[in-house]
4 protein chains.
Amino acid sequence: MTDTSDLAPELDVSEWVGEPSPLESLRGRVVLIEAFQMLCPGCINYGLPQAQKVHRMLEGVTVIGLHTVFEHHAVTGPDALKVFLAEFGIQFPVGIDRHENDAMPVTMKRYQLQGTPSTLVIDRAGRLRLSHFGKIDDLALGSILGRLLDEDHDANPDAS
Amino acid sequence: MTDTSDLAPELDVSEWVGEPSPLESLRGRVVLIEAFQMLCPGCINYGLPQAQKVHRMLEGVTVIGLHTVFEHHAVTGPDALKVFLAEFGIQFPVGIDRHENDAMPVTMKRYQLQGTPSTLVIDRAGRLRLSHFGKIDDLALGSILGRLLDEDHDANPDAS
Amino acid sequence: MTDTSDLAPELDVSEWVGEPSPLESLRGRVVLIEAFQMLCPGCINYGLPQAQKVHRMLEGVTVIGLHTVFEHHAVTGPDALKVFLAEFGIQFPVGIDRHENDAMPVTMKRYQLQGTPSTLVIDRAGRLRLSHFGKIDDLALGSILGRLLDEDHDANPDAS
Amino acid sequence: MTDTSDLAPELDVSEWVGEPSPLESLRGRVVLIEAFQMLCPGCINYGLPQAQKVHRMLEGVTVIGLHTVFEHHAVTGPDALKVFLAEFGIQFPVGIDRHENDAMPVTMKRYQLQGTPSTLVIDRAGRLRLSHFGKIDDLALGSILGRLLDEDHDANPDAS
């Protein structure tokens, strides 16, 4: 059994566009979370297209988007996001990271993300195995996901 | 002198972001107008990057953006557009096509555009020489602009 | 122990450019073999660049080239190949597939390759796990290699 | 009439693959000459694909290849070149630059080329208007060719 202190923090989402997908419901799956903002050029140019490709190509991986708005809140609210997702053909569920009294939303702070796009990978046991800010090559990302797909989480040496 | 009946219709713009640039003020210049919507994937992926490249590379060509919103008006207003232009580093002036009582804005109708992105090219005499919907190859666009740059509009055989 | 009947056939190479790398010497390693011809456009445009990227990015994978000439033999001999490899900066060892009395070389026939480029992947136990003719996406290839990198070949259920 | 001292030097070609195309026969045409070597990565990756695109897209431009071998002569002779041109689908005529007693061939020296790929552009009056070593953007090249296509060489101010 995995020590719960090792678990990746749960997503704190104010609204899901598509199927609600809390991490707790995804134990046993390899999960890729693409943290993005809808008006961030790097997210549109490479982060989201790569997440879509993982969603399309790697059956064993569950892909989730996380809209981590930390700037331009007024023009990137839920209504704008829904138009964006439809126009760009995003097929996977997207959670809207919750805001409290801060520009930076809650989950983004929990994961100490430096900006967008950021790519997070969670293993079958629910542990964070990658947190990458910026561009990551398809070959490198594929090899990381492939290793986790093959991994038997009960047999993992550092699980108890 | 050019017969005014040959002139490309003036842009009907409710607000300029950047230097106001009515066509009338640009006689004698070759002008490229990139008609786009800020949440249109083709505009972001190739239309606007190409217009930025023309702006950067071809000194003799004046580049203007035209925000021809015909869908999703609520989330692509002037405030959202300004954020978009800043985030994507658009350096040329952008006019917001005026709305009356129709989803399709005024200038877009005048030019009978079929959608976005559309690339319009106006010659030194103020006449419309290209109206292209969708992707156009850099080599082809470059050769069209090169021809117009070289053209002496007073000597033009069909001008009187 | 792996049944030797499961082993990928050995490479039959008339000359190595770089370190001789028979498969037998690579047990315990994940191996990618890029079968190519030096005047094949698909090999130059995507097969070899991808193999170079694997060589550069994925430490655990041993990359080998295999020059499987089945056409234009007169102009793609060892001297031409060596110039090609130097000009294109190929860093990994390349074996020249042996010819007998046939246009198609020996190893190419053993592996029943359909053409070039073909990408072969061998696991740590020496078994062929992928034989792909034509283009394969970086993400897909990365995930296959990642799975094999993680795999403990002694623990593999179908090994005895 | 153009002063012959202004004319681009004639190509000195030992053999043509395809239609012989001396510059003298092309007066009145805009001509693009792609100087390349068959085992030069930049030529294969961008120089020749761009020349093929000009050939396909810009009707008014005559495209010629010039095989300016200055290294690896032994493996890039006429037989190897013909295989290369067939495999890479080169549709335009290619002249083989003549060798005398020097590594660098005759036409390459006449034009003082620095290396391959080099792109040369000749106007309708037979004058050299561009000599570019290395990569040139499609938009920039298109605009140069467009200007020359539009140019009336008899009316050209510096022609007499």
# chains A, B, ... in the order shown; residues from 1 in each chain; ligands from 1

call {"tool": "residues_around", "arguments": {"residues": "Gln112 in chain B", "least_positions_apart": "4", "cutoff": "12 Å", "atoms": "only C-alpha atoms", "output": "list in words"}}
result
Ala8, Pro9, Ala35, Thr68, Met104, Pro105, Val106, Thr107, Met108, Thr116, Ser118, Leu120, Ser131, His132 and Phe133 of chain B

call {"tool": "write_last_selection", "arguments": {"atoms": "C-alpha atoms", "output": "CSV table (one decimal), in the first residue's frame"}}
result
chain,number,residue,atom,x,y,z
B,8,ALA,CA,-11.1,48.6,-52.2
B,9,PRO,CA,-13.8,49.5,-49.7
B,35,ALA,CA,-8.8,39.3,-41.1
B,68,THR,CA,-13.8,40.2,-37.8
B,104,MET,CA,-21.3,39.3,-39.2
B,105,PRO,CA,-19.5,42.6,-39.0
B,106,VAL,CA,-19.7,45.4,-41.5
B,107,THR,CA,-16.3,45.3,-43.2
B,108,MET,CA,-16.4,41.5,-43.4
B,116,THR,CA,-11.2,33.5,-41.0
B,118,SER,CA,-8.6,35.7,-44.7
B,120,LEU,CA,-6.4,40.7,-48.3
B,131,SER,CA,-8.7,38.0,-51.2
B,132,HIS,CA,-7.7,34.5,-49.9
B,133,PHE,CA,-9.6,32.4,-47.4

call {"tool": "residues_around", "arguments": {"residues": "Leu139 in chain C", "least_positions_apart": "4", "cutoff": "10 Å", "atoms": "only C-alpha atoms", "output": "PyMOL selection string"}}
result
(chain A and resi 50+53-54+57-58+137-143+145-146) or (chain C and resi 143-145)

call {"tool": "write_last_selection", "arguments": {"atoms": "C-alpha atoms", "output": "short mmCIF file (atom, residue, chain, number, x, y, z; two decimals), in the first residue's frame"}}
result
data_model
loop_
_atom_site.label_atom_id
_atom_site.label_comp_id
_atom_site.auth_asym_id
_atom_site.auth_seq_id
_atom_site.Cartn_x
_atom_site.Cartn_y
_atom_site.Cartn_z
CA GLN A 50 1.04 17.37 -27.19
CA LYS A 53 -1.60 13.57 -29.01
CA VAL A 54 -1.05 11.61 -25.78
CA MET A 57 -2.15 7.76 -29.09
CA LEU A 58 -1.46 6.30 -25.66
CA ASP A 137 10.12 16.61 -26.40
CA ASP A 138 7.64 13.92 -27.53
CA LEU A 139 10.30 11.23 -27.43
CA ALA A 140 11.29 12.05 -23.83
CA LEU A 141 7.68 12.35 -22.65
CA GLY A 142 6.77 9.12 -24.43
CA SER A 143 9.60 7.24 -22.73
CA LEU A 145 4.94 7.51 -19.87
CA GLY A 146 6.03 4.14 -21.29
CA SER C 143 6.48 4.97 -25.06
CA ILE C 144 7.56 1.61 -26.52
CA LEU C 145 11.19 2.22 -25.58
#

call {"tool": "atom_distance", "arguments": {"atom1": "CA of Arg127 in chain D", "atom2": "CA of Glu59 in chain B"}}
result
24.1 Å

call {"tool": "select_by_dssp", "arguments": {"residues": "chain D", "states": "helix (DSSP H, G or I)", "output": "PDB file with N, CA and C atoms, in the first residue's frame"}}
result
ATOM      1  N   THR D   4      26.605  43.667 -72.412  1.00  0.00           N
ATOM      2  CA  THR D   4      26.977  42.282 -72.113  1.00  0.00           C
ATOM      3  C   THR D   4      27.899  42.175 -70.907  1.00  0.00           C
ATOM      4  N   SER D   5      28.544  43.256 -70.533  1.00  0.00           N
ATOM      5  CA  SER D   5      29.415  43.196 -69.357  1.00  0.00           C
ATOM      6  C   SER D   5      28.590  43.005 -68.082  1.00  0.00           C
ATOM      7  N   ASP D   6      27.302  43.264 -68.170  1.00  0.00           N
ATOM      8  CA  ASP D   6      26.440  43.097 -66.999  1.00  0.00           C
ATOM      9  C   ASP D   6      25.890  41.682 -66.871  1.00  0.00           C
ATOM     10  N   LEU D  23      22.202  29.585 -69.856  1.00  0.00           N
ATOM     11  CA  LEU D  23      21.539  30.857 -69.535  1.00  0.00           C
ATOM     12  C   LEU D  23      21.184  31.627 -70.800  1.00  0.00           C
ATOM     13  N   GLU D  24      22.055  31.519 -71.794  1.00  0.00           N
ATOM     14  CA  GLU D  24      21.815  32.280 -73.030  1.00  0.00           C
ATOM     15  C   GLU D  24      20.451  31.947 -73.633  1.00  0.00           C
ATOM     16  N   SER D  25      20.038  30.681 -73.453  1.00  0.00           N
ATOM     17  CA  SER D  25      18.753  30.251 -74.023  1.00  0.00           C
ATOM     18  C   SER D  25      17.566  30.719 -73.199  1.00  0.00           C
ATOM     19  N   LEU D  26      17.832  31.349 -72.053  1.00  0.00           N
ATOM     20  CA  LEU D  26      16.748  31.685 -71.123  1.00  0.00           C
ATOM     21  C   LEU D  26      16.521  33.188 -70.983  1.00  0.00           C
ATOM     22  N   PRO D  41      23.777  18.072 -46.328  1.00  0.00           N
ATOM     23  CA  PRO D  41      22.513  18.060 -45.582  1.00  0.00           C
ATOM     24  C   PRO D  41      21.636  19.301 -45.808  1.00  0.00           C
ATOM     25  N   GLY D  42      22.228  20.488 -45.808  1.00  0.00           N
ATOM     26  CA  GLY D  42      21.423  21.703 -46.018  1.00  0.00           C
ATOM     27  C   GLY D  42      20.751  21.718 -47.382  1.00  0.00           C
ATOM     28  N   CYS D  43      21.405  21.130 -48.379  1.00  0.00           N
ATOM     29  CA  CYS D  43      20.827  21.067 -49.726  1.00  0.00           C
ATOM     30  C   CYS D  43      19.594  20.164 -49.730  1.00  0.00           C
ATOM     31  N   ILE D  44      19.714  19.024 -49.058  1.00  0.00           N
ATOM     32  CA  ILE D  44      18.612  18.059 -49.015  1.00  0.00           C
ATOM     33  C   ILE D  44      17.499  18.553 -48.107  1.00  0.00           C
ATOM     34  N   ASN D  45      17.868  19.175 -47.000  1.00  0.00           N
ATOM     35  CA  ASN D  45      16.850  19.566 -46.024  1.00  0.00           C
ATOM     36  C   ASN D  45      16.070  20.811 -46.403  1.00  0.00           C
ATOM     37  N   TYR D  46      16.740  21.790 -47.047  1.00  0.00           N
ATOM     38  CA  TYR D  46      15.977  22.994 -47.394  1.00  0.00           C
ATOM     39  C   TYR D  46      16.261  23.578 -48.772  1.00  0.00           C
ATOM     40  N   GLY D  47      17.487  23.504 -49.250  1.00  0.00           N
ATOM     41  CA  GLY D  47      17.788  24.142 -50.543  1.00  0.00           C
ATOM     42  C   GLY D  47      16.994  23.532 -51.689  1.00  0.00           C
ATOM     43  N   LEU D  48      17.120  22.220 -51.867  1.00  0.00           N
ATOM     44  CA  LEU D  48      16.419  21.566 -52.972  1.00  0.00           C
ATOM     45  C   LEU D  48      14.901  21.535 -52.779  1.00  0.00           C
ATOM     46  N   PRO D  49      14.378  21.270 -51.575  1.00  0.00           N
ATOM     47  CA  PRO D  49      12.915  21.337 -51.431  1.00  0.00           C
ATOM     48  C   PRO D  49      12.353  22.716 -51.807  1.00  0.00           C
ATOM     49  N   GLN D  50      13.088  23.776 -51.474  1.00  0.00           N
ATOM     50  CA  GLN D  50      12.620  25.111 -51.823  1.00  0.00           C
ATOM     51  C   GLN D  50      12.652  25.320 -53.343  1.00  0.00           C
ATOM     52  N   ALA D  51      13.722  24.847 -53.977  1.00  0.00           N
ATOM     53  CA  ALA D  51      13.808  24.980 -55.435  1.00  0.00           C
ATOM     54  C   ALA D  51      12.669  24.196 -56.105  1.00  0.00           C
ATOM     55  N   GLN D  52      12.348  23.024 -55.563  1.00  0.00           N
ATOM     56  CA  GLN D  52      11.235  22.241 -56.109  1.00  0.00           C
ATOM     57  C   GLN D  52       9.911  22.984 -55.948  1.00  0.00           C
ATOM     58  N   LYS D  53       9.766  23.656 -54.821  1.00  0.00           N
ATOM     59  CA  LYS D  53       8.530  24.409 -54.583  1.00  0.00           C
ATOM     60  C   LYS D  53       8.409  25.585 -55.563  1.00  0.00           C
ATOM     61  N   VAL D  54       9.523  26.279 -55.796  1.00  0.00           N
ATOM     62  CA  VAL D  54       9.493  27.374 -56.777  1.00  0.00           C
ATOM     63  C   VAL D  54       9.101  26.812 -58.149  1.00  0.00           C
ATOM     64  N   HIS D  55       9.704  25.680 -58.499  1.00  0.00           N
ATOM     65  CA  HIS D  55       9.426  25.035 -59.782  1.00  0.00           C
ATOM     66  C   HIS D  55       7.937  24.703 -59.929  1.00  0.00           C
ATOM     67  N   ARG D  56       7.341  24.254 -58.843  1.00  0.00           N
ATOM     68  CA  ARG D  56       5.945  23.808 -58.845  1.00  0.00           C
ATOM     69  C   ARG D  56       4.974  24.982 -58.774  1.00  0.00           C
ATOM     70  N   MET D  57       5.341  26.017 -58.019  1.00  0.00           N
ATOM     71  CA  MET D  57       4.378  27.069 -57.704  1.00  0.00           C
ATOM     72  C   MET D  57       4.468  28.316 -58.562  1.00  0.00           C
ATOM     73  N   HIS D  73      34.385  13.963 -54.444  1.00  0.00           N
ATOM     74  CA  HIS D  73      34.122  13.776 -55.872  1.00  0.00           C
ATOM     75  C   HIS D  73      33.925  12.303 -56.238  1.00  0.00           C
ATOM     76  N   ALA D  74      34.684  11.408 -55.578  1.00  0.00           N
ATOM     77  CA  ALA D  74      34.681  10.002 -55.981  1.00  0.00           C
ATOM     78  C   ALA D  74      33.310   9.348 -55.842  1.00  0.00           C
ATOM     79  N   VAL D  75      32.520   9.808 -54.879  1.00  0.00           N
ATOM     80  CA  VAL D  75      31.241   9.128 -54.631  1.00  0.00           C
ATOM     81  C   VAL D  75      30.032   9.967 -55.049  1.00  0.00           C
ATOM     82  N   PRO D  78      28.413  11.442 -61.855  1.00  0.00           N
ATOM     83  CA  PRO D  78      27.156  11.485 -62.611  1.00  0.00           C
ATOM     84  C   PRO D  78      26.215  10.309 -62.317  1.00  0.00           C
ATOM     85  N   ASP D  79      26.727   9.096 -62.154  1.00  0.00           N
ATOM     86  CA  ASP D  79      25.838   7.958 -61.904  1.00  0.00           C
ATOM     87  C   ASP D  79      25.142   8.084 -60.553  1.00  0.00           C
ATOM     88  N   ALA D  80      25.916   8.471 -59.544  1.00  0.00           N
ATOM     89  CA  ALA D  80      25.337   8.655 -58.217  1.00  0.00           C
ATOM     90  C   ALA D  80      24.321   9.797 -58.248  1.00  0.00           C
ATOM     91  N   LEU D  81      24.675  10.876 -58.927  1.00  0.00           N
ATOM     92  CA  LEU D  81      23.765  12.019 -59.020  1.00  0.00           C
ATOM     93  C   LEU D  81      22.440  11.631 -59.652  1.00  0.00           C
ATOM     94  N   LYS D  82      22.490  10.832 -60.717  1.00  0.00           N
ATOM     95  CA  LYS D  82      21.240  10.460 -61.396  1.00  0.00           C
ATOM     96  C   LYS D  82      20.328   9.638 -60.490  1.00  0.00           C
ATOM     97  N   VAL D  83      20.916   8.744 -59.705  1.00  0.00           N
ATOM     98  CA  VAL D  83      20.115   7.997 -58.732  1.00  0.00           C
ATOM     99  C   VAL D  83      19.502   8.963 -57.715  1.00  0.00           C
ATOM    100  N   PHE D  84      20.333   9.850 -57.210  1.00  0.00           N
ATOM    101  CA  PHE D  84      19.862  10.836 -56.235  1.00  0.00           C
ATOM    102  C   PHE D  84      18.676  11.645 -56.779  1.00  0.00           C
ATOM    103  N   LEU D  85      18.809  12.162 -57.991  1.00  0.00           N
ATOM    104  CA  LEU D  85      17.742  13.008 -58.566  1.00  0.00           C
ATOM    105  C   LEU D  85      16.453  12.215 -58.738  1.00  0.00           C
ATOM    106  N   ALA D  86      16.580  10.948 -59.140  1.00  0.00           N
ATOM    107  CA  ALA D  86      15.385  10.115 -59.312  1.00  0.00           C
ATOM    108  C   ALA D  86      14.733   9.836 -57.958  1.00  0.00           C
ATOM    109  N   GLU D  87      15.551   9.450 -56.973  1.00  0.00           N
ATOM    110  CA  GLU D  87      15.004   9.111 -55.653  1.00  0.00           C
ATOM    111  C   GLU D  87      14.324  10.308 -54.985  1.00  0.00           C
ATOM    112  N   VAL D 106      34.318  24.871 -62.167  1.00  0.00           N
ATOM    113  CA  VAL D 106      34.500  26.121 -62.915  1.00  0.00           C
ATOM    114  C   VAL D 106      33.402  27.164 -62.652  1.00  0.00           C
ATOM    115  N   THR D 107      32.148  26.771 -62.772  1.00  0.00           N
ATOM    116  CA  THR D 107      31.063  27.756 -62.621  1.00  0.00           C
ATOM    117  C   THR D 107      31.005  28.273 -61.183  1.00  0.00           C
ATOM    118  N   MET D 108      31.223  27.372 -60.253  1.00  0.00           N
ATOM    119  CA  MET D 108      31.247  27.756 -58.843  1.00  0.00           C
ATOM    120  C   MET D 108      32.274  28.862 -58.595  1.00  0.00           C
ATOM    121  N   LYS D 109      33.435  28.743 -59.254  1.00  0.00           N
ATOM    122  CA  LYS D 109      34.454  29.780 -59.116  1.00  0.00           C
ATOM    123  C   LYS D 109      34.023  31.077 -59.810  1.00  0.00           C
ATOM    124  N   ARG D 110      33.464  30.940 -61.003  1.00  0.00           N
ATOM    125  CA  ARG D 110      33.016  32.134 -61.732  1.00  0.00           C
ATOM    126  C   ARG D 110      32.040  32.972 -60.907  1.00  0.00           C
ATOM    127  N   ASP D 138      11.174  31.437 -47.453  1.00  0.00           N
ATOM    128  CA  ASP D 138      10.267  31.392 -48.594  1.00  0.00           C
ATOM    129  C   ASP D 138       9.622  32.752 -48.891  1.00  0.00           C
ATOM    130  N   LEU D 139       9.253  33.462 -47.842  1.00  0.00           N
ATOM    131  CA  LEU D 139       8.573  34.743 -48.038  1.00  0.00           C
ATOM    132  C   LEU D 139       9.518  35.742 -48.699  1.00  0.00           C
ATOM    133  N   ALA D 140      10.755  35.780 -48.219  1.00  0.00           N
ATOM    134  CA  ALA D 140      11.749  36.692 -48.784  1.00  0.00           C
ATOM    135  C   ALA D 140      12.089  36.312 -50.222  1.00  0.00           C
ATOM    136  N   LEU D 141      12.312  35.028 -50.467  1.00  0.00           N
ATOM    137  CA  LEU D 141      12.640  34.596 -51.822  1.00  0.00           C
ATOM    138  C   LEU D 141      11.463  34.857 -52.765  1.00  0.00           C
ATOM    139  N   GLY D 142      10.255  34.554 -52.281  1.00  0.00           N
ATOM    140  CA  GLY D 142       9.059  34.810 -53.097  1.00  0.00           C
ATOM    141  C   GLY D 142       8.959  36.276 -53.485  1.00  0.00           C
ATOM    142  N   SER D 143       9.246  37.171 -52.534  1.00  0.00           N
ATOM    143  CA  SER D 143       9.092  38.601 -52.847  1.00  0.00           C
ATOM    144  C   SER D 143      10.135  39.059 -53.861  1.00  0.00           C
ATOM    145  N   ILE D 144      11.341  38.494 -53.776  1.00  0.00           N
ATOM    146  CA  ILE D 144      12.391  38.832 -54.752  1.00  0.00           C
ATOM    147  C   ILE D 144      11.981  38.353 -56.145  1.00  0.00           C
ATOM    148  N   LEU D 145      11.517  37.114 -56.225  1.00  0.00           N
ATOM    149  CA  LEU D 145      11.105  36.569 -57.516  1.00  0.00           C
ATOM    150  C   LEU D 145       9.901  37.329 -58.067  1.00  0.00           C
ATOM    151  N   GLY D 146       8.969  37.682 -57.187  1.00  0.00           N
ATOM    152  CA  GLY D 146       7.784  38.438 -57.629  1.00  0.00           C
ATOM    153  C   GLY D 146       8.167  39.771 -58.255  1.00  0.00           C
ATOM    154  N   ARG D 147       9.103  40.467 -57.620  1.00  0.00           N
ATOM    155  CA  ARG D 147       9.558  41.749 -58.175  1.00  0.00           C
ATOM    156  C   ARG D 147      10.140  41.567 -59.570  1.00  0.00           C
ATOM    157  N   LEU D 148      10.940  40.521 -59.742  1.00  0.00           N
ATOM    158  CA  LEU D 148      11.592  40.315 -61.036  1.00  0.00           C
ATOM    159  C   LEU D 148      10.578  39.865 -62.082  1.00  0.00           C
ATOM    160  N   LEU D 149       9.593  39.100 -61.650  1.00  0.00           N
ATOM    161  CA  LEU D 149       8.556  38.658 -62.593  1.00  0.00           C
ATOM    162  C   LEU D 149       7.796  39.845 -63.150  1.00  0.00           C
ATOM    163  N   ASP D 150       7.613  40.850 -62.307  1.00  0.00           N
ATOM    164  CA  ASP D 150       6.830  41.998 -62.721  1.00  0.00           C
ATOM    165  C   ASP D 150       7.625  42.964 -63.585  1.00  0.00           C
TER     166      ASP D 150
END

call {"tool": "calpha_fit_and_write", "arguments": {"fixed": "chain C", "moving": "chain D", "output": "CSV table (one decimal) with C-alpha atoms, in the first residue's frame"}}
result
chain,number,residue,atom,x,y,z
D,1,MET,CA,16.7,-17.9,-19.2
D,2,THR,CA,15.4,-17.0,-22.5
D,3,ASP,CA,14.7,-19.8,-25.0
D,4,THR,CA,17.2,-19.1,-27.8
D,5,SER,CA,14.4,-19.8,-30.4
D,6,ASP,CA,12.9,-16.5,-29.3
D,7,LEU,CA,16.0,-14.5,-29.9
D,8,ALA,CA,16.1,-11.9,-32.7
D,9,PRO,CA,18.3,-13.1,-35.5
D,10,GLU,CA,21.9,-11.9,-35.4
D,11,LEU,CA,22.9,-9.1,-37.8
D,12,ASP,CA,25.0,-10.4,-40.7
D,13,VAL,CA,27.3,-7.5,-41.4
D,14,SER,CA,30.2,-7.3,-43.9
D,15,GLU,CA,31.7,-4.2,-42.3
D,16,TRP,CA,31.1,-2.0,-39.4
D,17,VAL,CA,31.6,1.8,-39.5
D,18,GLY,CA,32.3,2.6,-35.9
D,19,GLU,CA,32.2,0.1,-33.0
D,20,PRO,CA,31.2,-3.4,-34.1
D,21,SER,CA,28.0,-4.1,-32.3
D,22,PRO,CA,26.6,-7.6,-32.8
D,23,LEU,CA,23.3,-8.2,-31.0
D,24,GLU,CA,24.9,-11.0,-28.9
D,25,SER,CA,27.2,-8.4,-27.3
D,26,LEU,CA,24.2,-6.2,-26.3
D,27,ARG,CA,22.1,-8.6,-24.2
D,28,GLY,CA,20.8,-6.7,-21.2
D,29,ARG,CA,20.4,-3.5,-23.3
D,30,VAL,CA,17.4,-2.2,-25.1
D,31,VAL,CA,18.5,-1.8,-28.8
D,32,LEU,CA,17.1,0.2,-31.6
D,33,ILE,CA,18.2,-0.7,-35.1
D,34,GLU,CA,17.5,1.8,-37.9
D,35,ALA,CA,17.6,0.0,-41.2
D,36,PHE,CA,18.2,2.5,-44.0
D,37,GLN,CA,19.7,3.3,-47.4
D,38,MET,CA,21.8,6.4,-47.8
D,39,LEU,CA,19.8,7.7,-50.8
D,40,CYS,CA,16.3,7.0,-49.5
D,41,PRO,CA,14.4,10.2,-48.8
D,42,GLY,CA,12.3,8.9,-45.9
D,43,CYS,CA,15.5,7.7,-44.2
D,44,ILE,CA,17.1,11.1,-44.5
D,45,ASN,CA,14.0,13.1,-43.7
D,46,TYR,CA,12.7,11.2,-40.7
D,47,GLY,CA,14.2,7.7,-40.0
D,48,LEU,CA,17.8,8.7,-39.3
D,49,PRO,CA,17.0,12.0,-37.5
D,50,GLN,CA,14.7,10.1,-35.2
D,51,ALA,CA,17.4,7.4,-34.5
D,52,GLN,CA,19.9,10.2,-33.8
D,53,LYS,CA,17.4,11.8,-31.3
D,54,VAL,CA,16.9,8.4,-29.5
D,55,HIS,CA,20.7,8.1,-29.4
D,56,ARG,CA,21.1,11.6,-27.9
D,57,MET,CA,18.1,11.6,-25.6
D,58,LEU,CA,17.5,8.1,-24.2
D,59,GLU,CA,20.6,6.9,-22.4
D,60,GLY,CA,19.4,3.4,-21.8
D,61,VAL,CA,18.9,2.6,-25.5
D,62,THR,CA,21.7,1.5,-27.7
D,63,VAL,CA,21.2,2.7,-31.3
D,64,ILE,CA,22.7,0.9,-34.3
D,65,GLY,CA,22.3,1.7,-38.0
D,66,LEU,CA,22.0,-1.1,-40.6
D,67,HIS,CA,22.7,-0.2,-44.2
D,68,THR,CA,20.3,-2.5,-46.0
D,69,VAL,CA,21.1,-1.7,-49.6
D,70,PHE,CA,18.6,-3.4,-52.0
D,71,GLU,CA,18.8,-1.0,-55.0
D,72,HIS,CA,21.5,1.3,-56.5
D,73,HIS,CA,24.3,-0.8,-55.1
D,74,ALA,CA,26.9,0.7,-57.4
D,75,VAL,CA,26.7,4.2,-56.0
D,76,THR,CA,26.0,3.3,-52.3
D,77,GLY,CA,29.0,1.2,-51.4
D,78,PRO,CA,31.1,1.6,-48.3
D,79,ASP,CA,33.1,4.6,-49.4
D,80,ALA,CA,29.9,6.5,-50.3
D,81,LEU,CA,28.3,5.5,-47.1
D,82,LYS,CA,31.2,6.7,-45.0
D,83,VAL,CA,31.0,10.2,-46.6
D,84,PHE,CA,27.3,10.2,-46.0
D,85,LEU,CA,27.6,9.3,-42.3
D,86,ALA,CA,30.2,12.0,-41.8
D,87,GLU,CA,28.3,14.7,-43.6
D,88,PHE,CA,25.0,13.9,-41.8
D,89,GLY,CA,26.7,13.6,-38.4
D,90,ILE,CA,25.6,10.1,-37.6
D,91,GLN,CA,27.2,9.2,-34.3
D,92,PHE,CA,26.1,5.6,-33.7
D,93,PRO,CA,27.8,2.5,-35.2
D,94,VAL,CA,26.5,1.4,-38.6
D,95,GLY,CA,26.7,-2.1,-39.9
D,96,ILE,CA,26.7,-2.8,-43.7
D,97,ASP,CA,24.2,-5.6,-44.3
D,98,ARG,CA,26.0,-8.5,-46.2
D,99,HIS,CA,25.2,-9.3,-49.8
D,100,GLU,CA,25.2,-12.7,-51.3
D,101,ASN,CA,23.8,-13.4,-54.7
D,102,ASP,CA,20.7,-11.3,-54.4
D,103,ALA,CA,19.7,-7.6,-54.6
D,104,MET,CA,18.3,-7.9,-51.1
D,105,PRO,CA,20.9,-8.3,-48.3
D,106,VAL,CA,21.0,-11.1,-45.8
D,107,THR,CA,19.9,-9.5,-42.6
D,108,MET,CA,17.1,-7.6,-44.4
D,109,LYS,CA,15.8,-11.0,-45.5
D,110,ARG,CA,16.2,-12.6,-42.1
D,111,TYR,CA,14.0,-9.8,-40.6
D,112,GLN,CA,11.6,-9.9,-43.6
D,113,LEU,CA,11.8,-6.1,-43.9
D,114,GLN,CA,9.5,-4.5,-46.4
D,115,GLY,CA,11.7,-1.5,-47.2
D,116,THR,CA,13.5,1.5,-45.7
D,117,PRO,CA,13.4,3.1,-43.3
D,118,SER,CA,12.5,0.3,-40.9
D,119,THR,CA,12.8,0.6,-37.2
D,120,LEU,CA,13.5,-2.5,-35.1
D,121,VAL,CA,13.5,-2.7,-31.3
D,122,ILE,CA,15.1,-5.5,-29.4
D,123,ASP,CA,14.5,-6.0,-25.6
D,124,ARG,CA,17.0,-6.7,-22.9
D,125,ALA,CA,16.5,-10.4,-23.3
D,126,GLY,CA,17.4,-10.2,-27.1
D,127,ARG,CA,13.9,-10.6,-28.4
D,128,LEU,CA,12.4,-8.5,-31.3
D,129,ARG,CA,9.6,-6.4,-29.9
D,130,LEU,CA,9.0,-4.0,-32.8
D,131,SER,CA,9.5,-4.0,-36.6
D,132,HIS,CA,8.0,-0.9,-38.2
D,133,PHE,CA,8.3,0.1,-41.8
D,134,GLY,CA,8.0,3.8,-42.5
D,135,LYS,CA,7.4,6.7,-40.2
D,136,ILE,CA,6.6,6.2,-36.5
D,137,ASP,CA,5.7,9.1,-34.2
D,138,ASP,CA,8.2,10.1,-31.6
D,139,LEU,CA,5.6,9.8,-28.8
D,140,ALA,CA,4.7,6.3,-29.8
D,141,LEU,CA,8.3,5.2,-30.2
D,142,GLY,CA,9.2,6.8,-26.9
D,143,SER,CA,6.5,5.0,-25.1
D,144,ILE,CA,7.5,1.6,-26.5
D,145,LEU,CA,11.2,2.2,-25.6
D,146,GLY,CA,10.1,3.5,-22.1
D,147,ARG,CA,8.2,0.3,-21.5
D,148,LEU,CA,11.2,-1.9,-22.4
D,149,LEU,CA,13.6,0.2,-20.4
D,150,ASP,CA,11.5,-0.4,-17.3
D,151,GLU,CA,11.1,-4.1,-18.0
D,152,ASP,CA,13.0,-6.5,-15.8
D,153,HIS,CA,13.7,-9.3,-18.2
D,154,ASP,CA,14.3,-12.0,-15.6
D,155,ALA,CA,11.0,-11.4,-14.1
D,156,ASN,CA,9.3,-11.5,-17.5
D,157,PRO,CA,6.4,-13.9,-17.3
D,158,ASP,CA,7.1,-15.6,-20.7
D,159,ALA,CA,10.8,-16.1,-20.0
D,160,SER,CA,11.7,-19.4,-18.3
